[in-house]
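Structure below is protein.cif: mmCIF, C-alpha atoms and all ligand atoms.
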data_final
#
loop_
_atom_site.label_atom_id
_atom_site.label_comp_id
_atom_site.auth_asym_id
_atom_site.auth_seq_id
_atom_site.Cartn_x
_atom_site.Cartn_y
_atom_site.Cartn_z
CA MET A 14 -47.11 39.57 92.46
CA GLU A 15 -49.64 37.17 93.93
CA THR A 16 -48.43 35.73 97.23
CA GLU A 17 -50.34 32.48 96.74
CA ASP A 18 -48.85 32.02 93.24
CA ILE A 19 -45.34 32.47 94.58
CA LEU A 20 -45.97 30.03 97.41
CA ASN A 21 -47.22 27.45 94.91
CA ILE A 22 -44.03 27.82 92.87
CA ILE A 23 -41.90 27.46 96.00
CA ARG A 24 -43.79 24.41 97.25
CA LYS A 25 -43.24 22.66 93.95
CA GLY A 26 -39.48 22.83 94.72
CA LYS A 27 -37.84 20.34 96.99
CA GLY A 28 -36.36 22.74 99.56
CA LYS A 29 -32.91 24.16 99.91
CA ALA A 30 -31.40 22.36 96.94
CA GLU A 31 -33.93 23.91 94.59
CA ILE A 32 -33.44 27.61 95.35
CA ILE A 33 -32.10 28.43 91.91
CA SER A 34 -34.91 26.53 90.18
CA ILE A 35 -37.50 28.28 92.37
CA LEU A 36 -36.04 31.71 91.63
CA GLU A 37 -35.96 30.86 87.93
CA ASP A 38 -39.62 29.85 87.98
CA ILE A 39 -40.66 33.02 89.82
CA GLN A 40 -38.66 35.20 87.46
CA GLU A 41 -40.03 33.40 84.42
CA LYS A 42 -43.54 34.19 85.57
CA TYR A 43 -43.02 37.77 86.77
CA THR A 44 -39.82 38.77 84.85
CA TYR A 45 -38.14 39.75 88.13
CA LEU A 46 -37.72 38.84 91.80
CA SER A 47 -39.51 41.17 94.19
CA GLU A 48 -38.52 41.68 97.81
CA GLU A 49 -41.69 39.84 98.80
CA ALA A 50 -40.71 36.87 96.61
CA LEU A 51 -37.22 36.69 98.15
CA ARG A 52 -38.66 36.81 101.68
CA LEU A 53 -41.15 34.05 100.86
CA VAL A 54 -38.43 31.84 99.34
CA ALA A 55 -36.27 32.29 102.45
CA ALA A 56 -39.15 31.56 104.83
CA GLU A 57 -40.40 28.51 102.93
CA THR A 58 -37.04 26.87 102.19
CA GLY A 59 -35.35 27.57 105.53
CA CYS A 60 -32.47 29.46 103.88
CA SER A 61 -31.47 32.82 105.28
CA LEU A 62 -32.68 35.89 103.41
CA THR A 63 -29.01 36.83 103.00
CA ASP A 64 -28.29 33.56 101.13
CA VAL A 65 -31.35 33.93 98.90
CA TYR A 66 -30.49 37.56 98.19
CA GLY A 67 -26.88 36.49 97.48
CA VAL A 68 -28.02 34.02 94.81
CA ALA A 69 -30.50 36.51 93.33
CA THR A 70 -27.87 39.22 92.97
CA PHE A 71 -24.91 37.01 91.98
CA TYR A 72 -26.26 35.92 88.61
CA LYS A 73 -27.04 38.27 85.81
CA ALA A 74 -29.85 35.93 84.83
CA PHE A 75 -31.83 37.19 87.82
CA SER A 76 -33.23 40.68 88.12
CA LEU A 77 -34.58 42.57 91.12
CA LYS A 78 -36.59 44.93 88.96
CA PRO A 79 -39.14 44.20 86.21
CA ARG A 80 -37.60 43.10 82.92
CA GLY A 81 -38.82 43.19 79.37
CA LYS A 82 -40.26 40.18 77.58
CA HIS A 83 -36.86 39.61 75.92
CA CYS A 84 -33.35 39.94 77.30
CA VAL A 85 -30.27 40.99 75.28
CA SER A 86 -26.78 40.88 76.86
CA ALA A 87 -23.71 42.29 75.11
CA CYS A 88 -20.27 41.23 76.32
CA ARG A 89 -17.85 43.99 77.29
CA GLY A 90 -15.08 41.67 78.49
CA THR A 91 -11.50 42.33 77.45
CA ALA A 92 -11.45 39.97 74.46
CA CYS A 93 -14.74 41.30 73.11
CA HIS A 94 -13.66 44.86 73.85
CA VAL A 95 -10.58 44.61 71.64
CA ARG A 96 -12.72 43.09 68.88
CA GLY A 97 -15.13 46.01 68.77
CA ALA A 98 -17.68 45.39 71.53
CA GLU A 99 -17.99 49.09 72.34
CA THR A 100 -19.20 49.84 68.81
CA VAL A 101 -21.76 47.04 69.14
CA VAL A 102 -22.94 48.28 72.54
CA ALA A 103 -23.24 51.83 71.22
CA GLU A 104 -25.37 50.60 68.33
CA PHE A 105 -27.73 48.69 70.64
CA LYS A 106 -28.06 51.82 72.79
CA ARG A 107 -28.79 53.94 69.71
CA GLN A 108 -31.32 51.59 68.14
CA LEU A 109 -33.12 50.73 71.38
CA ASP A 110 -32.76 54.30 72.70
CA LEU A 111 -31.74 53.20 76.18
CA GLU A 112 -28.77 52.68 78.47
CA PRO A 113 -27.53 49.25 79.65
CA GLY A 114 -29.73 48.04 82.50
CA GLU A 115 -32.86 49.66 81.03
CA THR A 116 -35.95 48.27 79.31
CA THR A 117 -37.70 49.65 76.24
CA PRO A 118 -40.89 51.62 77.03
CA ASP A 119 -43.05 48.89 75.44
CA ASN A 120 -41.53 46.38 77.91
CA GLU A 121 -40.32 44.24 75.00
CA ILE A 122 -36.51 44.27 75.37
CA SER A 123 -34.18 44.68 78.35
CA PHE A 124 -30.57 45.42 77.42
CA GLU A 125 -27.53 44.83 79.62
CA THR A 126 -23.77 44.48 79.34
CA VAL A 127 -21.76 41.67 80.94
CA ASN A 128 -18.06 41.03 81.50
CA CYS A 129 -17.46 37.68 79.82
CA LEU A 130 -19.74 35.05 78.33
CA GLY A 131 -17.09 32.37 78.00
CA ALA A 132 -16.73 32.52 74.23
CA CYS A 133 -13.89 35.02 73.97
CA ALA A 134 -12.38 33.61 70.74
CA LEU A 135 -15.60 34.39 68.86
CA GLY A 136 -16.25 37.88 70.18
CA PRO A 137 -17.86 40.27 70.15
CA ILE A 138 -20.52 38.03 71.70
CA VAL A 139 -24.18 38.95 72.23
CA VAL A 140 -26.72 36.67 73.90
CA SER A 141 -30.40 37.27 73.23
CA ASP A 142 -32.98 35.13 75.04
CA GLY A 143 -30.29 32.51 75.61
CA HIS A 144 -29.09 32.42 71.98
CA TYR A 145 -25.40 33.10 71.39
CA HIS A 146 -24.40 35.39 68.49
CA ALA A 147 -20.70 35.36 67.58
CA ASN A 148 -18.57 37.97 65.77
CA VAL A 149 -21.32 40.55 66.07
CA THR A 150 -20.79 43.78 64.14
CA LYS A 151 -22.55 47.14 64.17
CA ARG A 152 -24.43 46.07 61.03
CA GLY A 153 -25.66 42.87 62.66
CA VAL A 154 -27.35 44.64 65.59
CA LYS A 155 -30.55 45.45 63.67
CA ASP A 156 -31.06 41.79 62.72
CA ILE A 157 -30.55 40.61 66.30
CA ILE A 158 -33.08 43.14 67.62
CA GLU A 159 -35.64 42.19 64.97
CA ALA A 160 -35.21 38.44 65.48
CA THR A 161 -35.43 38.93 69.25
CA ARG A 162 -38.69 40.87 68.96
CA ASN A 163 -40.11 38.38 66.44
CA GLY A 164 -38.99 35.25 68.30
CA THR A 165 -37.11 33.96 65.25
CA LEU A 166 -33.67 33.71 66.84
CA GLU A 167 -31.07 31.25 65.70
CA SER A 168 -27.71 30.79 67.36
CA ILE A 169 -24.68 28.59 67.62
CA GLY A 170 -26.45 26.38 70.14
CA GLY A 171 -29.88 26.65 68.53
CA SER A 172 -31.59 26.64 71.92
CA LYS A 173 -34.66 28.63 72.88
CA ASP A 174 -33.79 28.10 76.52
CA CYS A 175 -33.22 31.33 78.45
CA GLY A 176 -32.38 29.68 81.74
CA PHE A 177 -29.61 30.09 84.24
CA SER A 178 -26.14 29.23 82.99
CA PHE A 179 -22.63 29.94 84.25
CA GLU A 180 -19.04 30.17 83.10
CA ALA A 181 -16.40 27.83 84.56
CA SER A 182 -12.66 28.21 85.02
CA CYS A 183 -9.83 26.23 86.61
CA PRO A 184 -9.46 26.99 90.34
CA GLN A 185 -5.68 26.53 90.01
CA CYS A 186 -4.60 28.36 86.86
CA GLY A 187 -7.76 30.45 86.33
CA ARG A 188 -7.98 29.57 82.64
CA ASN A 189 -11.40 29.47 81.01
CA LEU A 190 -12.93 25.99 80.58
CA MET A 191 -15.78 26.92 78.23
CA ASP A 192 -16.08 25.43 74.75
CA ILE A 193 -18.51 27.31 72.55
CA ALA A 194 -17.82 24.94 69.62
CA TYR A 195 -19.40 22.03 71.53
CA PRO A 196 -22.72 23.22 72.98
CA ILE A 197 -24.82 21.13 75.34
CA ASP A 198 -28.47 22.10 75.80
CA GLY A 199 -27.78 25.09 73.57
CA HIS A 200 -25.08 26.59 75.81
CA PRO A 201 -21.28 26.34 75.56
CA SER A 202 -20.07 23.20 77.29
CA ILE A 203 -17.40 22.98 79.98
CA ARG A 204 -14.42 20.94 78.83
CA ILE A 205 -12.05 19.24 81.24
CA ASN A 206 -9.89 16.13 81.00
CA VAL A 207 -10.54 12.95 82.97
CA VAL A 208 -8.44 9.90 83.77
CA THR A 209 -10.41 6.68 83.30
CA ALA A 210 -9.57 2.99 83.00
CA ALA A 211 -9.64 3.53 79.22
CA GLY A 212 -7.03 6.29 79.41
CA THR A 213 -7.04 10.07 79.66
CA GLY A 214 -9.55 11.89 77.48
CA TRP A 215 -11.88 14.87 77.49
CA MET A 216 -15.18 15.18 79.30
CA ARG A 217 -17.78 17.81 78.49
CA LEU A 218 -20.33 19.05 80.99
CA PRO A 219 -23.33 21.36 80.61
CA SER A 220 -23.00 24.96 81.78
CA ARG A 221 -26.68 25.17 82.60
CA TYR A 222 -27.25 24.70 86.32
CA GLY A 223 -29.34 21.61 87.14
CA SER A 224 -28.37 19.68 84.00
CA SER A 225 -26.12 16.71 84.73
CA VAL A 226 -25.08 15.25 81.37
CA LYS A 227 -21.51 13.92 81.15
CA VAL A 228 -20.15 13.38 77.65
CA LEU A 229 -16.85 11.46 77.56
CA GLU A 230 -14.29 10.82 74.86
CA HIS A 231 -13.82 7.26 76.12
CA ALA A 232 -16.77 5.00 76.95
CA VAL A 233 -16.81 3.94 80.62
CA SER A 234 -19.32 2.21 82.87
CA GLU A 235 -21.86 4.28 84.79
CA ASP A 236 -20.24 3.51 88.16
CA ALA A 237 -16.71 4.36 86.97
CA LEU A 238 -14.82 6.99 88.97
CA LEU A 239 -13.21 9.75 86.92
CA THR A 240 -10.21 11.80 87.99
CA PRO A 241 -10.90 15.37 86.78
CA LEU A 242 -7.97 17.40 85.43
CA CYS A 243 -7.61 20.93 84.12
CA PRO A 244 -6.93 20.67 80.35
CA HIS A 245 -4.61 23.71 80.57
CA CYS A 246 -2.40 23.21 83.64
CA GLY A 247 -3.12 19.52 84.35
CA SER A 248 -4.09 20.19 87.99
CA ASN A 249 -6.26 17.61 89.72
CA LEU A 250 -9.66 19.28 90.21
CA GLN A 251 -10.76 16.95 93.00
CA GLY A 252 -12.16 19.06 95.84
CA ASP A 253 -12.56 18.64 99.59
CA PHE A 254 -16.06 17.19 99.66
CA ASP A 255 -17.67 13.88 98.78
CA CYS A 256 -20.91 13.56 96.83
CA LEU A 257 -24.00 13.57 99.07
CA GLU A 258 -25.65 11.06 96.74
CA CYS A 259 -22.96 8.40 96.26
CA ASN A 260 -19.97 9.43 98.43
CA ALA A 261 -17.59 9.67 95.47
CA PRO A 262 -15.15 12.63 95.48
CA MET A 263 -16.43 15.85 93.94
CA GLY A 264 -14.55 17.78 91.25
CA ASP A 265 -14.46 21.57 91.76
CA MET A 266 -14.40 24.41 89.25
CA ASN A 267 -14.66 28.15 89.76
CA VAL A 268 -17.75 29.83 88.37
CA ASP A 269 -18.07 33.36 87.07
CA GLY A 270 -14.60 34.60 87.84
CA GLY A 271 -14.10 32.68 91.08
CA ALA A 272 -17.00 34.17 93.06
CA GLY A 273 -18.46 30.68 93.44
CA ILE A 274 -17.58 26.99 93.10
CA ILE A 275 -19.46 24.35 91.14
CA SER A 276 -18.82 20.81 92.38
CA ILE A 277 -19.64 17.81 90.18
CA CYS A 278 -19.62 14.19 91.31
CA SER A 279 -16.72 12.23 89.82
CA ARG A 280 -18.80 9.08 89.32
CA LYS A 281 -19.82 8.85 85.65
CA GLY A 282 -23.47 7.96 86.22
CA CYS A 283 -24.14 10.08 89.33
CA THR A 284 -26.06 13.34 88.94
CA GLY A 285 -24.74 14.81 92.21
CA HIS A 286 -23.67 18.44 91.97
CA MET A 287 -23.76 21.56 94.11
CA LEU A 288 -23.03 25.24 93.90
CA THR A 289 -21.30 27.21 96.64
CA LEU A 290 -21.58 31.00 96.59
CA ASN A 291 -19.79 33.09 99.20
CA GLY A 292 -19.69 30.08 101.52
CA ALA A 293 -23.41 29.21 101.12
CA THR A 294 -24.09 25.85 99.47
CA ILE A 295 -27.06 25.72 97.10
S1 LIG A 301 -14.65 38.60 76.73
FE1 LIG A 301 -16.52 38.39 75.66
S2 LIG A 301 -16.94 36.29 75.73
FE2 LIG A 301 -15.15 36.51 76.92
#

With the file now loaded, output its structure as structure tokens.
Ligand code: FES
Amino acid sequence: METEDILNIIRKGKGKAEIISILEDIQEKYTYLSEEALRLVAAETGCSLTDVYGVATFYKAFSLKPRGKHCVSACRGTACHVRGAETVVAEFKRQLDLEPGETTPDNEISFETVNCLGACALGPIVVSDGHYHANVTKRGVKDIIEATRNGTLESIGGSKDCGFSFEASCPQCGRNLMDIAYPIDGHPSIRINVVTAAGTGWMRLPSRYGSSVKVLEHAVSEDALLTPLCPHCGSNLQGDFDCLECNAPMGDMNVDGGAGIISICSRKGCTGHMLTLNGATI
């Protein structure tokens, strides 16, 4: 890695709030995050090395060792497991001749397994270069590998974006909030309910960090305040903090099994959001 290149990427960011974007940019260029890169990010942004390392190791999207040109993730979560995920994983291992976590000798494909991709009802799920494949069978593995190598992937979302995304759940009842049938930016959306002046209806949010689209069932003004509710248990998702941009209350959701919290501003037109991992706010 070129130190000057990494510093240029970091300096394009806006400081602490851009750590994830900076790490994404470095990984996109070098396929992984070296120790030197993590130290430079910490030094340049003022975050502790522990916080930067925490972000880099928390998300499967980041890797601390070189990755292949393409990335394939097969879900081994409970729902996918009972639908035949192990057969799918075994077929990927056989055809790619590697174990999960390894990269093919030609540096083309890295293969990994994950615990849940938020689309349990359509499992087994495989994600290749950000494209979701539902109901994958042993016979479908060859096609996914070929399309991944050839760059001709199609998926439910139809996105070619391989960026950082997360899975959200209710902090009260723990139920999954992802909706694979309604993708935003090519990734499953997060669906919650909101109370507005026009009544209670659904709101869908992107699961890609940094995107701030809010799609509502009922039209409301941009400065309207929304009361966020879990669609499963009805709990009020309003958290303890106010938005740093407009002072409106933030709505909280757990991310990736509760190891972090994503907070979204409850004002319709505000883009304020933040991510808290192990107590560190990003
Ligand atoms: S268990 Fe596979 S997507 Fe949830």

Item to check | Shell around range 39-53 of chain A at 12 Å using all atoms listed in the file, local window under 3 positions removed, as a PyMOL selection string | outcome: chain A and resi 14-26+32-36+56-70+73-84+116+120-123+142+174-177

Selected residues written out with C-alpha atoms, as a PDB file, in the coordinates of the input:
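Saved as selection23.pdb:
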ATOM      1  CA  MET A  14     -47.110  39.570  92.460  1.00  0.00           C
ATOM      2  CA  GLU A  15     -49.640  37.170  93.930  1.00  0.00           C
ATOM      3  CA  THR A  16     -48.430  35.730  97.230  1.00  0.00           C
ATOM      4  CA  GLU A  17     -50.340  32.480  96.740  1.00  0.00           C
ATOM      5  CA  ASP A  18     -48.850  32.020  93.240  1.00  0.00           C
ATOM      6  CA  ILE A  19     -45.340  32.470  94.580  1.00  0.00           C
ATOM      7  CA  LEU A  20     -45.970  30.030  97.410  1.00  0.00           C
ATOM      8  CA  ASN A  21     -47.220  27.450  94.910  1.00  0.00           C
ATOM      9  CA  ILE A  22     -44.030  27.820  92.870  1.00  0.00           C
ATOM     10  CA  ILE A  23     -41.900  27.460  96.000  1.00  0.00           C
ATOM     11  CA  ARG A  24     -43.790  24.410  97.250  1.00  0.00           C
ATOM     12  CA  LYS A  25     -43.240  22.660  93.950  1.00  0.00           C
ATOM     13  CA  GLY A  26     -39.480  22.830  94.720  1.00  0.00           C
ATOM     14  CA  ILE A  32     -33.440  27.610  95.350  1.00  0.00           C
ATOM     15  CA  ILE A  33     -32.100  28.430  91.910  1.00  0.00           C
ATOM     16  CA  SER A  34     -34.910  26.530  90.180  1.00  0.00           C
ATOM     17  CA  ILE A  35     -37.500  28.280  92.370  1.00  0.00           C
ATOM     18  CA  LEU A  36     -36.040  31.710  91.630  1.00  0.00           C
ATOM     19  CA  ALA A  56     -39.150  31.560 104.830  1.00  0.00           C
ATOM     20  CA  GLU A  57     -40.400  28.510 102.930  1.00  0.00           C
ATOM     21  CA  THR A  58     -37.040  26.870 102.190  1.00  0.00           C
ATOM     22  CA  GLY A  59     -35.350  27.570 105.530  1.00  0.00           C
ATOM     23  CA  CYS A  60     -32.470  29.460 103.880  1.00  0.00           C
ATOM     24  CA  SER A  61     -31.470  32.820 105.280  1.00  0.00           C
ATOM     25  CA  LEU A  62     -32.680  35.890 103.410  1.00  0.00           C
ATOM     26  CA  THR A  63     -29.010  36.830 103.000  1.00  0.00           C
ATOM     27  CA  ASP A  64     -28.290  33.560 101.130  1.00  0.00           C
ATOM     28  CA  VAL A  65     -31.350  33.930  98.900  1.00  0.00           C
ATOM     29  CA  TYR A  66     -30.490  37.560  98.190  1.00  0.00           C
ATOM     30  CA  GLY A  67     -26.880  36.490  97.480  1.00  0.00           C
ATOM     31  CA  VAL A  68     -28.020  34.020  94.810  1.00  0.00           C
ATOM     32  CA  ALA A  69     -30.500  36.510  93.330  1.00  0.00           C
ATOM     33  CA  THR A  70     -27.870  39.220  92.970  1.00  0.00           C
ATOM     34  CA  LYS A  73     -27.040  38.270  85.810  1.00  0.00           C
ATOM     35  CA  ALA A  74     -29.850  35.930  84.830  1.00  0.00           C
ATOM     36  CA  PHE A  75     -31.830  37.190  87.820  1.00  0.00           C
ATOM     37  CA  SER A  76     -33.230  40.680  88.120  1.00  0.00           C
ATOM     38  CA  LEU A  77     -34.580  42.570  91.120  1.00  0.00           C
ATOM     39  CA  LYS A  78     -36.590  44.930  88.960  1.00  0.00           C
ATOM     40  CA  PRO A  79     -39.140  44.200  86.210  1.00  0.00           C
ATOM     41  CA  ARG A  80     -37.600  43.100  82.920  1.00  0.00           C
ATOM     42  CA  GLY A  81     -38.820  43.190  79.370  1.00  0.00           C
ATOM     43  CA  LYS A  82     -40.260  40.180  77.580  1.00  0.00           C
ATOM     44  CA  HIS A  83     -36.860  39.610  75.920  1.00  0.00           C
ATOM     45  CA  CYS A  84     -33.350  39.940  77.300  1.00  0.00           C
ATOM     46  CA  THR A 116     -35.950  48.270  79.310  1.00  0.00           C
ATOM     47  CA  ASN A 120     -41.530  46.380  77.910  1.00  0.00           C
ATOM     48  CA  GLU A 121     -40.320  44.240  75.000  1.00  0.00           C
ATOM     49  CA  ILE A 122     -36.510  44.270  75.370  1.00  0.00           C
ATOM     50  CA  SER A 123     -34.180  44.680  78.350  1.00  0.00           C
ATOM     51  CA  ASP A 142     -32.980  35.130  75.040  1.00  0.00           C
ATOM     52  CA  ASP A 174     -33.790  28.100  76.520  1.00  0.00           C
ATOM     53  CA  CYS A 175     -33.220  31.330  78.450  1.00  0.00           C
ATOM     54  CA  GLY A 176     -32.380  29.680  81.740  1.00  0.00           C
ATOM     55  CA  PHE A 177     -29.610  30.090  84.240  1.00  0.00           C
TER      56      PHE A 177
END

Checklist entry - Which residues form the shell of 8 Å around ligand LIG 301 (chain A) when you count only C-alpha atoms and all ligand atoms, given as a PyMOL selection string? => result chain A and resi 88-94+128-138

Next on the checklist: Env of Pro219 in chain A: 6 Å cut, atoms = all atoms listed in the file, seq-sep filter 2 positions within chain, self excluded. Answer as a list in words.
Outcome noted: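 That gives Ile197, Ser202 and Arg221 of chain A.
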
Next on the checklist: Give me the residues near Cys246 in chain A as JSON, numbers by chain, where near means some atom within 9 Å (using all atoms listed in the file) and where sequence neighbours in that chain fewer than 3 positions away do not count.
Outcome noted: {"A": [183, 185, 186, 188, 242, 243]}

Checklist entry - When you draw a straight line from CA of Arg204 in chain A to CA of Pro244 in chain A, how long is it in Å? => result 7.6 Å
